[in-house]
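**Student:** Take a look at query29.txt, compact mmCIF, C-alpha atoms and all ligand atoms:
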```
# COMPACT_ATOMS: atom_id res chain seq x y z
CA MET A 1 0.00 0.00 0.00
CA LYS A 2 1.30 3.48 -0.85
CA THR A 3 2.40 5.47 2.16
CA LEU A 4 2.16 9.21 2.42
CA TYR A 5 5.66 9.82 3.76
CA LYS A 6 8.56 8.00 5.36
CA THR A 7 8.30 8.11 9.14
CA TYR A 8 11.08 8.68 11.65
CA ALA A 9 10.36 5.22 13.07
CA GLN A 10 11.15 3.79 9.63
CA HIS A 11 14.41 5.74 9.57
CA LEU A 12 15.39 4.36 13.00
CA ALA A 13 14.41 0.81 11.98
CA GLU A 14 16.94 1.04 9.14
CA HIS A 15 19.71 1.55 11.70
CA PHE A 16 18.65 -0.28 14.87
CA GLU A 17 16.97 -3.49 15.86
CA GLY A 18 14.34 -3.04 18.55
CA LYS A 19 13.00 0.10 20.15
CA VAL A 20 15.11 3.25 20.33
CA GLN A 21 14.10 6.42 22.10
CA LYS A 22 15.68 9.87 22.36
CA ILE A 23 16.60 11.32 25.74
CA THR A 24 16.93 15.09 25.72
CA VAL A 25 20.11 16.50 27.24
CA ASN A 26 20.88 20.13 28.04
CA ALA A 27 24.65 20.55 27.88
CA GLY A 28 24.48 24.24 28.82
CA LEU A 29 25.94 25.47 25.53
CA GLY A 30 24.90 28.97 24.48
CA CYS A 31 23.96 30.55 21.19
CA PRO A 32 26.26 32.70 19.01
CA ASN A 33 23.26 34.64 17.73
CA ARG A 34 22.61 35.98 21.21
CA ASP A 35 26.04 36.64 22.65
CA GLY A 36 27.31 38.89 19.86
CA THR A 37 29.53 36.32 18.11
CA VAL A 38 27.19 36.10 15.11
CA GLY A 39 24.54 38.56 16.19
CA GLU A 40 22.69 39.99 19.12
CA GLY A 41 19.11 39.64 20.20
CA GLY A 42 18.74 36.24 18.59
CA CYS A 43 16.25 35.07 16.01
CA THR A 44 13.12 37.24 16.16
CA TYR A 45 10.93 34.27 17.16
CA CYS A 46 13.23 33.07 19.94
CA ASP A 47 11.77 33.10 23.41
CA ASN A 48 14.01 35.20 25.68
CA ARG A 49 12.78 33.38 28.76
CA SER A 50 14.52 30.23 27.59
CA PHE A 51 17.78 32.12 28.14
CA SER A 52 17.27 32.61 31.85
CA PRO A 53 20.49 31.74 33.69
CA ASP A 54 18.72 28.95 35.55
CA TYR A 55 17.74 27.16 32.39
CA CYS A 56 21.02 27.74 30.55
CA GLN A 57 23.11 26.25 33.31
CA PRO A 58 22.03 22.68 33.79
CA LYS A 59 22.41 21.51 37.35
CA LEU A 60 22.95 17.90 36.32
CA SER A 61 25.81 16.34 34.38
CA VAL A 62 25.18 14.82 30.96
CA ALA A 63 25.54 11.36 32.52
CA GLU A 64 23.01 12.11 35.24
CA GLN A 65 20.48 13.58 32.81
CA LEU A 66 20.77 10.43 30.70
CA ARG A 67 20.51 8.16 33.72
CA ARG A 68 17.28 9.87 34.83
CA GLY A 69 15.84 9.70 31.31
CA ARG A 70 16.73 6.03 31.03
CA ASP A 71 15.15 5.22 34.40
CA PHE A 72 11.97 6.92 33.29
CA PHE A 73 11.61 4.82 30.12
CA ALA A 74 13.23 1.57 31.30
CA TYR A 75 10.43 1.09 33.79
CA LYS A 76 8.02 0.46 30.91
CA TYR A 77 10.43 -0.93 28.29
CA PRO A 78 13.42 -2.64 29.89
CA ALA A 79 14.94 -3.52 26.49
CA MET A 80 14.77 0.04 25.19
CA ARG A 81 17.97 1.68 23.92
CA TYR A 82 18.58 5.38 23.63
CA LEU A 83 19.96 8.24 21.61
CA ALA A 84 21.37 11.18 23.57
CA TYR A 85 19.60 14.19 22.08
CA PHE A 86 21.54 17.43 22.54
CA GLN A 87 18.61 19.70 21.79
CA SER A 88 18.77 23.00 23.67
CA PHE A 89 20.50 25.95 22.00
CA THR A 90 23.57 25.33 19.79
CA ASN A 91 25.16 22.02 20.61
CA THR A 92 28.38 22.47 18.66
CA TYR A 93 29.10 25.92 20.14
CA ALA A 94 32.17 25.16 22.26
CA PRO A 95 35.82 24.23 21.72
CA LEU A 96 36.27 20.80 20.17
CA SER A 97 37.85 19.37 23.34
CA LYS A 98 34.75 20.27 25.37
CA LEU A 99 32.41 18.87 22.73
CA GLN A 100 34.38 15.62 22.59
CA ARG A 101 34.11 15.36 26.35
CA ILE A 102 30.34 15.78 26.49
CA TYR A 103 29.56 13.61 23.46
CA GLU A 104 31.82 10.82 24.72
CA GLU A 105 30.40 11.13 28.23
CA ALA A 106 26.98 10.51 26.67
CA LEU A 107 28.15 7.57 24.57
CA SER A 108 29.79 5.86 27.55
CA GLN A 109 26.48 5.57 29.43
CA ASP A 110 24.62 2.26 29.54
CA GLY A 111 22.05 1.83 26.81
CA ILE A 112 23.14 4.88 24.79
CA VAL A 113 23.55 3.82 21.15
CA GLY A 114 24.08 7.14 19.44
CA LEU A 115 23.94 10.92 19.39
CA VAL A 116 21.57 13.45 17.88
CA ILE A 117 23.12 16.91 17.89
CA ALA A 118 20.99 19.98 17.12
CA THR A 119 22.90 23.03 15.94
CA ARG A 120 23.12 26.04 13.66
CA PRO A 121 24.72 25.54 10.24
CA ASP A 122 27.23 28.34 10.89
CA CYS A 123 28.52 26.57 13.97
CA VAL A 124 30.46 23.64 12.53
CA ASN A 125 34.01 23.55 11.19
CA GLU A 126 36.30 21.08 9.49
CA SER A 127 37.91 19.67 12.66
CA LEU A 128 34.55 19.09 14.30
CA LEU A 129 33.10 17.46 11.18
CA ASN A 130 36.18 15.25 10.81
CA TYR A 131 35.78 14.17 14.43
CA LEU A 132 32.04 13.47 13.96
CA GLY A 133 32.85 11.56 10.78
CA GLN A 134 35.24 9.33 12.73
CA LEU A 135 32.67 8.84 15.48
CA ALA A 136 30.04 7.94 12.89
CA ARG A 137 32.13 4.96 11.80
CA GLU A 138 31.59 3.44 15.24
CA THR A 139 28.15 4.63 16.26
CA TYR A 140 25.02 6.42 15.08
CA VAL A 141 25.60 10.18 14.84
CA MET A 142 22.99 12.59 13.49
CA VAL A 143 23.48 16.34 13.14
CA GLU A 144 20.19 18.21 12.93
CA TYR A 145 20.60 21.67 11.38
CA GLY A 146 18.30 24.61 12.03
CA VAL A 147 17.78 25.65 8.41
CA GLU A 148 14.45 27.37 9.16
CA SER A 149 14.02 28.80 5.64
CA VAL A 150 15.68 28.43 2.24
CA CYS A 151 14.92 32.06 1.41
CA ASP A 152 17.70 34.55 2.23
CA ALA A 153 15.29 37.50 2.53
CA THR A 154 13.38 35.59 5.21
CA LEU A 155 16.56 34.54 7.03
CA GLN A 156 17.62 38.15 7.13
CA ARG A 157 14.21 39.32 8.29
CA ILE A 158 14.15 36.87 11.18
CA ASN A 159 17.73 37.86 12.14
CA ARG A 160 18.90 34.31 11.75
CA GLY A 161 22.53 35.34 11.20
CA HIS A 162 23.25 32.92 8.32
CA ASN A 163 22.01 32.43 4.79
CA PHE A 164 20.80 29.35 2.95
CA ALA A 165 24.17 28.78 1.24
CA CYS A 166 25.60 28.28 4.73
CA SER A 167 22.97 25.60 5.48
CA ARG A 168 23.61 23.88 2.17
CA ARG A 169 27.37 23.83 2.73
CA ALA A 170 27.10 22.49 6.29
CA ILE A 171 24.67 19.75 5.27
CA GLU A 172 26.74 18.65 2.27
CA GLU A 173 29.99 18.62 4.24
CA THR A 174 28.41 16.70 7.10
CA ALA A 175 26.78 14.05 4.91
CA ALA A 176 30.01 13.67 2.90
CA ARG A 177 31.68 12.41 6.10
CA GLY A 178 29.10 9.66 6.61
CA VAL A 179 27.27 11.51 9.40
CA HIS A 180 23.47 11.28 9.34
CA THR A 181 22.10 14.71 8.54
CA GLY A 182 18.72 16.27 9.25
CA ALA A 183 17.05 19.67 8.91
CA HIS A 184 14.54 21.72 10.88
CA VAL A 185 12.35 24.32 9.18
CA ILE A 186 9.50 26.63 10.19
CA VAL A 187 6.44 26.94 7.95
CA GLY A 188 4.75 30.35 7.77
CA LEU A 189 7.65 32.72 8.50
CA PRO A 190 6.84 36.37 7.64
CA GLY A 191 6.85 37.16 3.95
CA GLU A 192 6.59 33.51 2.91
CA GLY A 193 3.49 32.28 1.10
CA ARG A 194 2.54 28.99 -0.48
CA THR A 195 4.99 29.43 -3.39
CA GLU A 196 8.00 29.96 -1.10
CA ILE A 197 6.96 27.10 1.17
CA LEU A 198 6.69 24.58 -1.67
CA HIS A 199 9.95 25.87 -3.14
CA GLN A 200 11.48 25.05 0.23
CA ALA A 201 10.49 21.38 -0.14
CA ASP A 202 12.10 21.36 -3.62
CA GLU A 203 15.32 22.91 -2.33
CA LEU A 204 15.57 20.60 0.68
CA SER A 205 15.04 17.62 -1.61
CA ARG A 206 18.25 18.52 -3.40
CA LEU A 207 20.23 18.24 -0.17
CA PRO A 208 21.61 15.01 1.31
CA ILE A 209 19.32 15.10 4.34
CA GLU A 210 17.77 11.95 5.77
CA THR A 211 15.29 13.48 8.21
CA LEU A 212 13.19 16.62 8.38
CA LYS A 213 11.27 18.32 11.17
CA LEU A 214 8.83 21.01 10.17
CA HIS A 215 6.35 22.92 12.21
CA GLN A 216 3.98 25.81 11.84
CA LEU A 217 5.15 29.20 13.06
CA GLN A 218 3.97 29.95 16.56
CA ILE A 219 4.35 33.52 17.75
CA ILE A 220 5.54 33.68 21.34
CA LYS A 221 4.56 36.57 23.59
CA GLY A 222 7.28 39.09 24.26
CA THR A 223 9.34 38.26 21.16
CA ARG A 224 10.34 40.70 18.46
CA MET A 225 8.22 38.64 16.11
CA GLU A 226 5.16 39.43 18.18
CA GLN A 227 5.80 43.16 17.64
CA GLU A 228 6.27 42.54 13.92
CA TYR A 229 3.05 40.55 13.78
CA GLN A 230 1.13 43.34 15.54
CA SER A 231 2.41 45.92 13.06
CA ALA A 232 2.14 43.86 9.85
CA PRO A 233 -0.23 40.90 10.35
CA ASP A 234 -0.80 40.55 6.60
CA ASP A 235 2.81 39.45 6.17
CA PHE A 236 2.02 36.23 8.02
CA LEU A 237 0.13 33.26 6.62
CA THR A 238 -2.43 32.05 9.09
CA PHE A 239 -3.47 28.42 9.18
CA THR A 240 -6.29 26.40 10.57
CA PRO A 241 -5.34 22.79 11.30
CA GLN A 242 -7.28 21.83 8.14
CA SER A 243 -5.57 24.37 5.86
CA TYR A 244 -2.18 23.46 7.32
CA ALA A 245 -2.85 19.76 6.67
CA GLU A 246 -3.69 20.61 3.03
CA LEU A 247 -0.44 22.55 2.72
CA VAL A 248 1.53 19.71 4.31
CA LEU A 249 0.16 17.31 1.70
CA ASP A 250 1.27 19.70 -1.06
CA TYR A 251 4.67 19.97 0.65
CA LEU A 252 5.05 16.19 0.76
CA GLU A 253 4.33 16.04 -2.98
CA HIS A 254 7.44 18.20 -3.47
CA LEU A 255 9.62 16.40 -0.92
CA ARG A 256 11.99 13.57 -1.85
CA GLU A 257 10.36 10.30 -0.82
CA ASP A 258 13.30 8.92 1.13
CA ILE A 259 13.42 11.86 3.56
CA ALA A 260 11.85 10.77 6.85
CA VAL A 261 9.56 13.41 8.37
CA GLU A 262 9.90 13.43 12.11
CA ARG A 263 7.20 15.95 12.92
CA PHE A 264 4.78 18.40 11.30
CA THR A 265 3.63 20.55 14.20
CA ASN A 266 4.74 21.97 17.49
CA GLN A 267 2.47 23.06 20.32
CA SER A 268 3.79 25.65 22.74
CA PRO A 269 1.85 26.08 25.99
CA PRO A 270 -1.18 28.34 25.27
CA GLU A 271 -0.14 30.86 27.94
CA LEU A 272 3.06 31.59 25.97
CA LEU A 273 1.35 32.18 22.63
CA ALA A 274 0.56 35.65 21.27
CA THR A 275 -2.07 34.16 18.93
CA LYS A 276 -4.61 31.45 19.56
CA GLY A 277 -3.11 27.96 19.42
CA TRP A 278 -4.79 24.92 17.85
CA GLY A 279 -4.98 22.89 21.01
CA LEU A 280 -4.01 19.81 18.98
CA LYS A 281 -1.46 17.25 20.05
CA ASN A 282 0.96 15.90 17.44
CA HIS A 283 -0.87 12.57 17.10
CA GLU A 284 -4.20 14.41 16.71
CA PHE A 285 -2.75 16.41 13.85
CA LEU A 286 -1.51 13.15 12.25
CA HIS A 287 -5.06 11.77 12.37
CA LEU A 288 -6.32 14.91 10.67
CA LEU A 289 -3.57 14.65 8.04
CA GLN A 290 -4.56 11.06 7.32
CA ALA A 291 -8.21 12.06 6.98
CA VAL A 292 -7.34 14.88 4.58
CA ALA A 293 -5.08 12.51 2.60
CA ARG A 294 -7.88 9.94 2.34
CA GLN A 295 -10.15 12.61 0.93
CA ARG A 296 -7.53 13.76 -1.55
CA TYR A 297 -6.01 10.45 -2.65
CA GLY A 298 -8.49 7.84 -1.50
CA ILE A 299 -5.71 5.97 0.33
CA HIS A 300 -4.92 5.16 3.91
CA PRO A 301 -1.48 6.70 4.34
S1 LIG A 401 19.66 30.02 17.01
FE1 LIG A 401 18.14 29.07 18.36
S2 LIG A 401 18.72 29.65 20.43
FE2 LIG A 401 19.85 30.99 19.04
S3 LIG A 401 18.57 32.85 18.88
FE3 LIG A 401 18.00 31.49 17.19
S4 LIG A 401 16.26 30.28 17.98
FE4 LIG A 401 17.28 31.24 19.75
```
Before anything else, please render the file you have as structure tokens.
Ligand code: SF4
**Tutor:**
Amino acid sequence: MKTLYKTYAQHLAEHFEGKVQKITVNAGLGCPNRDGTVGEGGCTYCDNRSFSPDYCQPKLSVAEQLRRGRDFFAYKYPAMRYLAYFQSFTNTYAPLSKLQRIYEEALSQDGIVGLVIATRPDCVNESLLNYLGQLARETYVMVEYGVESVCDATLQRINRGHNFACSRRAIEETAARGVHTGAHVIVGLPGEGRTEILHQADELSRLPIETLKLHQLQIIKGTRMEQEYQSAPDDFLTFTPQSYAELVLDYLEHLREDIAVERFTNQSPPELLATKGWGLKNHEFLHLLQAVARQRYGIHP
């Protein structure tokens, strides 16, 4: 039976036997787009509160965070194995010796079978990529790049601090070293309409990425993007869950079939949102997407 898209579970099944689960780790690394190295003020959608000193400085070591995560899941699934997911901020933003220490600390923990490292495309260099390439010969290593948009005008408008050529270069150089490579994008950034969004799927399909996370733009209270939205709301596409599901189907028609899509939506807590949220959990959106696909294609995706 035809499937609508390749799932992340299918991607994992290609590399592991049995169940594998990510455990999120905060290594306390900062962001060069906030501290003046690349820029100041950060991306316009970034929530300042997430940069409170308390949150940036994890109180627990990488090993302890992983141990607690493992205990939480092992209770239900004793045979589960884990990927250490360095998610918060820019997880390659430190000297190589420090990065080696934290990645290897993670890999030396029981049950940890690989790394997923989220970062900015302007925050990798040759020595780091060579090191990750070596590591990838022994274990699963995925670098997940915050591409956000393939349109330079948008990247400039959201104060991202890098252009699309930078994303392309980082992705190509990472994949060339045998490291699994993924991308994260936001759908509905200011100034982008349906044409730009579908063009994004075409551009990403030309890159050697294996996984993709996309989600609809959510405007967080107190951000510079909230001010921009108040002053120019017409620059922003607004979606209902139904219209977003229709757009996602169009997007998938443009996306290379072997790219696994890890998620389509994100739901911030309603009290943080400057606009009304959908109140839909990820699995509820997937049900809606399947229903819309059945209507469009007459298949069960
Ligand atoms: S790169 Fe990430 S952490 Fe840094 S400002 Fe942008 S959204 Fe915030």
**Student:** Give me the residues within 8 Å of segment 286-288 of chain A as a PyMOL selection string, counting only C-alpha atoms and dropping any in the same chain fewer than 5 places off.
**Tutor:** chain A and resi 241-242+245
**Student:** When the cut-off is 6 Å and you count only C-alpha atoms and all ligand atoms, which residues lie near ligand LIG 401 (chain A), shown as number ranges by chain?
**Tutor:** A: 31, 33-34, 42-43, 46, 89
**Student:** Excluding segment 184-195 of chain A and any residue of its chain fewer than 5 positions from it, enumerate the residues within 6 Å of it, using only C-alpha atoms, and give them as a list in words.
**Tutor:**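 Once the adjacent positions are removed, what remains is Gly146, Val147, Glu148, Ser149, Leu212, Lys213, Leu214, His215, Gln216, Leu217, Asp235, Phe236 and Leu237 of chain A.
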**Student:** I'd like the interatomic distance between atom CA of Arg101 of chain A and atom CA of Asn130 of chain A, to a tenth of an Å.
**Tutor:**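 Value for the atom CA of Arg101 of chain A-atom CA of Asn130 of chain A distance: 15.7 Å.
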**Student:** Skipping near chain neighbours, those fewer than 5 positions away, what residues fall within 12 Å of Leu135 of chain A using all atoms listed in the file, listed as a list in words?
**Tutor:** Gln100, Tyr103, Glu104, Leu107, Val113, Gly114, Leu115, Leu128, Leu129, Asn130, Tyr140, Val141, Met142, Arg177, Gly178, Val179 and His180 of chain A
**Student:** Could you dump the residues just selected with C-alpha atoms as a PDB file, keeping the file's coordinate frame?
**Tutor:**
```pdb
ATOM      1  CA  GLN A 100      34.380  15.620  22.590  1.00  0.00           C
ATOM      2  CA  TYR A 103      29.560  13.610  23.460  1.00  0.00           C
ATOM      3  CA  GLU A 104      31.820  10.820  24.720  1.00  0.00           C
ATOM      4  CA  LEU A 107      28.150   7.570  24.570  1.00  0.00           C
ATOM      5  CA  VAL A 113      23.550   3.820  21.150  1.00  0.00           C
ATOM      6  CA  GLY A 114      24.080   7.140  19.440  1.00  0.00           C
ATOM      7  CA  LEU A 115      23.940  10.920  19.390  1.00  0.00           C
ATOM      8  CA  LEU A 128      34.550  19.090  14.300  1.00  0.00           C
ATOM      9  CA  LEU A 129      33.100  17.460  11.180  1.00  0.00           C
ATOM     10  CA  ASN A 130      36.180  15.250  10.810  1.00  0.00           C
ATOM     11  CA  TYR A 140      25.020   6.420  15.080  1.00  0.00           C
ATOM     12  CA  VAL A 141      25.600  10.180  14.840  1.00  0.00           C
ATOM     13  CA  MET A 142      22.990  12.590  13.490  1.00  0.00           C
ATOM     14  CA  ARG A 177      31.680  12.410   6.100  1.00  0.00           C
ATOM     15  CA  GLY A 178      29.100   9.660   6.610  1.00  0.00           C
ATOM     16  CA  VAL A 179      27.270  11.510   9.400  1.00  0.00           C
ATOM     17  CA  HIS A 180      23.470  11.280   9.340  1.00  0.00           C
TER      18      HIS A 180
END
```
**Student:** Do you have, as CSV, the list of residues of segment 82-146 of chain A lying at most 9 Å from segment 63-74 of chain A, each with its nearest atom pair and that distance in Å to one decimal, counting only C-alpha atoms and ordered by chain then number?
**Tutor:**
```
residue,atom,partner,partner_atom,distance
A:Tyr82,CA,A:Arg70,CA,7.7
A:Ala84,CA,A:Leu66,CA,7.2
A:Ile102,CA,A:Ala63,CA,8.9
A:Glu105,CA,A:Ala63,CA,6.5
A:Ala106,CA,A:Ala63,CA,6.1
A:Ser108,CA,A:Ala63,CA,8.5
A:Gln109,CA,A:Ala63,CA,6.6
A:Asp110,CA,A:Arg67,CA,8.3
A:Gly111,CA,A:Arg70,CA,8.0
A:Ile112,CA,A:Leu66,CA,8.4
```
**Student:** Identify the residues around (-5.0, 21.5, 5.5) within a radius of 12 Å, measuring from all atoms listed in the file in the coordinates stated by the file, and give them as a list of chain:residue names.
**Tutor:**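 Residues with an atom close enough to that point: A:Gln216, A:Thr238, A:Phe239, A:Thr240, A:Pro241, A:Gln242, A:Ser243, A:Tyr244, A:Ala245, A:Glu246, A:Leu247, A:Val248, A:Leu249, A:Asp250, A:Tyr251, A:Phe264, A:Phe285, A:Leu286, A:His287, A:Leu288, A:Leu289, A:Gln290, A:Ala291, A:Val292, A:Ala293, A:Gln295, A:Arg296.
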**Student:** Filtering to C-alpha atoms, could you give me those residues as a short mmCIF file (atom, residue, chain, number, x, y, z; two decimals), in the coordinates of the input?
**Tutor:**
```cif
data_model
loop_
_atom_site.label_atom_id
_atom_site.label_comp_id
_atom_site.auth_asym_id
_atom_site.auth_seq_id
_atom_site.Cartn_x
_atom_site.Cartn_y
_atom_site.Cartn_z
CA GLN A 216 3.98 25.81 11.84
CA THR A 238 -2.43 32.05 9.09
CA PHE A 239 -3.47 28.42 9.18
CA THR A 240 -6.29 26.40 10.57
CA PRO A 241 -5.34 22.79 11.30
CA GLN A 242 -7.28 21.83 8.14
CA SER A 243 -5.57 24.37 5.86
CA TYR A 244 -2.18 23.46 7.32
CA ALA A 245 -2.85 19.76 6.67
CA GLU A 246 -3.69 20.61 3.03
CA LEU A 247 -0.44 22.55 2.72
CA VAL A 248 1.53 19.71 4.31
CA LEU A 249 0.16 17.31 1.70
CA ASP A 250 1.27 19.70 -1.06
CA TYR A 251 4.67 19.97 0.65
CA PHE A 264 4.78 18.40 11.30
CA PHE A 285 -2.75 16.41 13.85
CA LEU A 286 -1.51 13.15 12.25
CA HIS A 287 -5.06 11.77 12.37
CA LEU A 288 -6.32 14.91 10.67
CA LEU A 289 -3.57 14.65 8.04
CA GLN A 290 -4.56 11.06 7.32
CA ALA A 291 -8.21 12.06 6.98
CA VAL A 292 -7.34 14.88 4.58
CA ALA A 293 -5.08 12.51 2.60
CA GLN A 295 -10.15 12.61 0.93
CA ARG A 296 -7.53 13.76 -1.55
#
```
**Student:** In Å to one decimal, how far is atom CA of Glu173 of chain A from atom CA of Ala27 of chain A?
**Tutor:**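 About the pair atom CA of Ala27 of chain A and atom CA of Glu173 of chain A: they are 24.3 Å apart.
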**Student:** For Asp122 of chain A, list every protein, DNA or RNA residue within 10 Å, evaluated using all atoms listed in the file, and leave out those in the same chain fewer than 6 positions away; present the list as a list in words.
**Tutor:** Pro32, Val38, Thr92, Tyr93, Tyr145, Gly146, Gly161, His162, Asn163, Cys166, Ser167, Arg169 and Ala170 of chain A
**Student:** Provide the atom CA of Ser268 of chain A to atom CA of Ile219 of chain A distance in Å, to one decimal place.
**Tutor:**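 Between these atoms lies a distance of 9.3 Å.
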**Student:** Write out as a list in words each polymer residue whose atoms come within 9 Å of Glu226 of chain A, counting all atoms listed in the file; drop sequence neighbours fewer than 4 positions from it.
**Tutor:**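 So, after excluding close chain neighbours, the residues are Thr44, Tyr45, Ile219, Ile220, Lys221, Gly222, Gln230, Ser231, Ala274 and Thr275 of chain A.
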**Student:** Which of these, A:Leu207, A:Met80, A:Leu273, A:Val143, has the shortest distance to Ile259 of chain A once you count only C-alpha atoms?
**Tutor:**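 Ranked by minimum distance to Ile259 of chain A, first place goes to A:Leu207.
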**Student:** Give as a count of residues only the set of residues within 8 Å of the point (25.9, 20.0, 15.3), where distances use the file's coordinates and only C-alpha atoms.
**Tutor:** 13
**Student:** With N, CA and C atoms as the goal, would you fill in the gaps in segment 95-106 of chain A and present it as a short mmCIF file (atom, residue, chain, number, x, y, z; two decimals), in the frame of the given file?
**Tutor:**
```cif
data_model
loop_
_atom_site.label_atom_id
_atom_site.label_comp_id
_atom_site.auth_asym_id
_atom_site.auth_seq_id
_atom_site.Cartn_x
_atom_site.Cartn_y
_atom_site.Cartn_z
N PRO A 95 34.59 24.79 22.28
CA PRO A 95 35.82 24.23 21.72
C PRO A 95 35.67 22.72 21.52
N LEU A 96 36.39 22.21 20.51
CA LEU A 96 36.27 20.80 20.17
C LEU A 96 36.53 19.89 21.38
N SER A 97 37.52 20.25 22.20
CA SER A 97 37.85 19.37 23.34
C SER A 97 36.66 19.24 24.29
N LYS A 98 35.92 20.33 24.49
CA LYS A 98 34.75 20.27 25.37
C LYS A 98 33.63 19.44 24.72
N LEU A 99 33.46 19.64 23.42
CA LEU A 99 32.41 18.87 22.73
C LEU A 99 32.72 17.38 22.78
N GLN A 100 34.00 17.05 22.54
CA GLN A 100 34.38 15.62 22.59
C GLN A 100 34.05 15.06 23.97
N ARG A 101 34.33 15.86 24.98
CA ARG A 101 34.11 15.36 26.35
C ARG A 101 32.61 15.08 26.58
N ILE A 102 31.76 16.01 26.18
CA ILE A 102 30.34 15.78 26.49
C ILE A 102 29.72 14.70 25.59
N TYR A 103 30.14 14.65 24.33
CA TYR A 103 29.56 13.61 23.46
C TYR A 103 30.02 12.22 23.96
N GLU A 104 31.30 12.14 24.32
CA GLU A 104 31.82 10.82 24.72
C GLU A 104 31.30 10.43 26.11
N GLU A 105 31.05 11.42 26.94
CA GLU A 105 30.40 11.13 28.23
C GLU A 105 29.02 10.51 27.96
N ALA A 106 28.31 11.06 27.01
CA ALA A 106 26.98 10.51 26.67
C ALA A 106 27.11 9.08 26.14
#
```
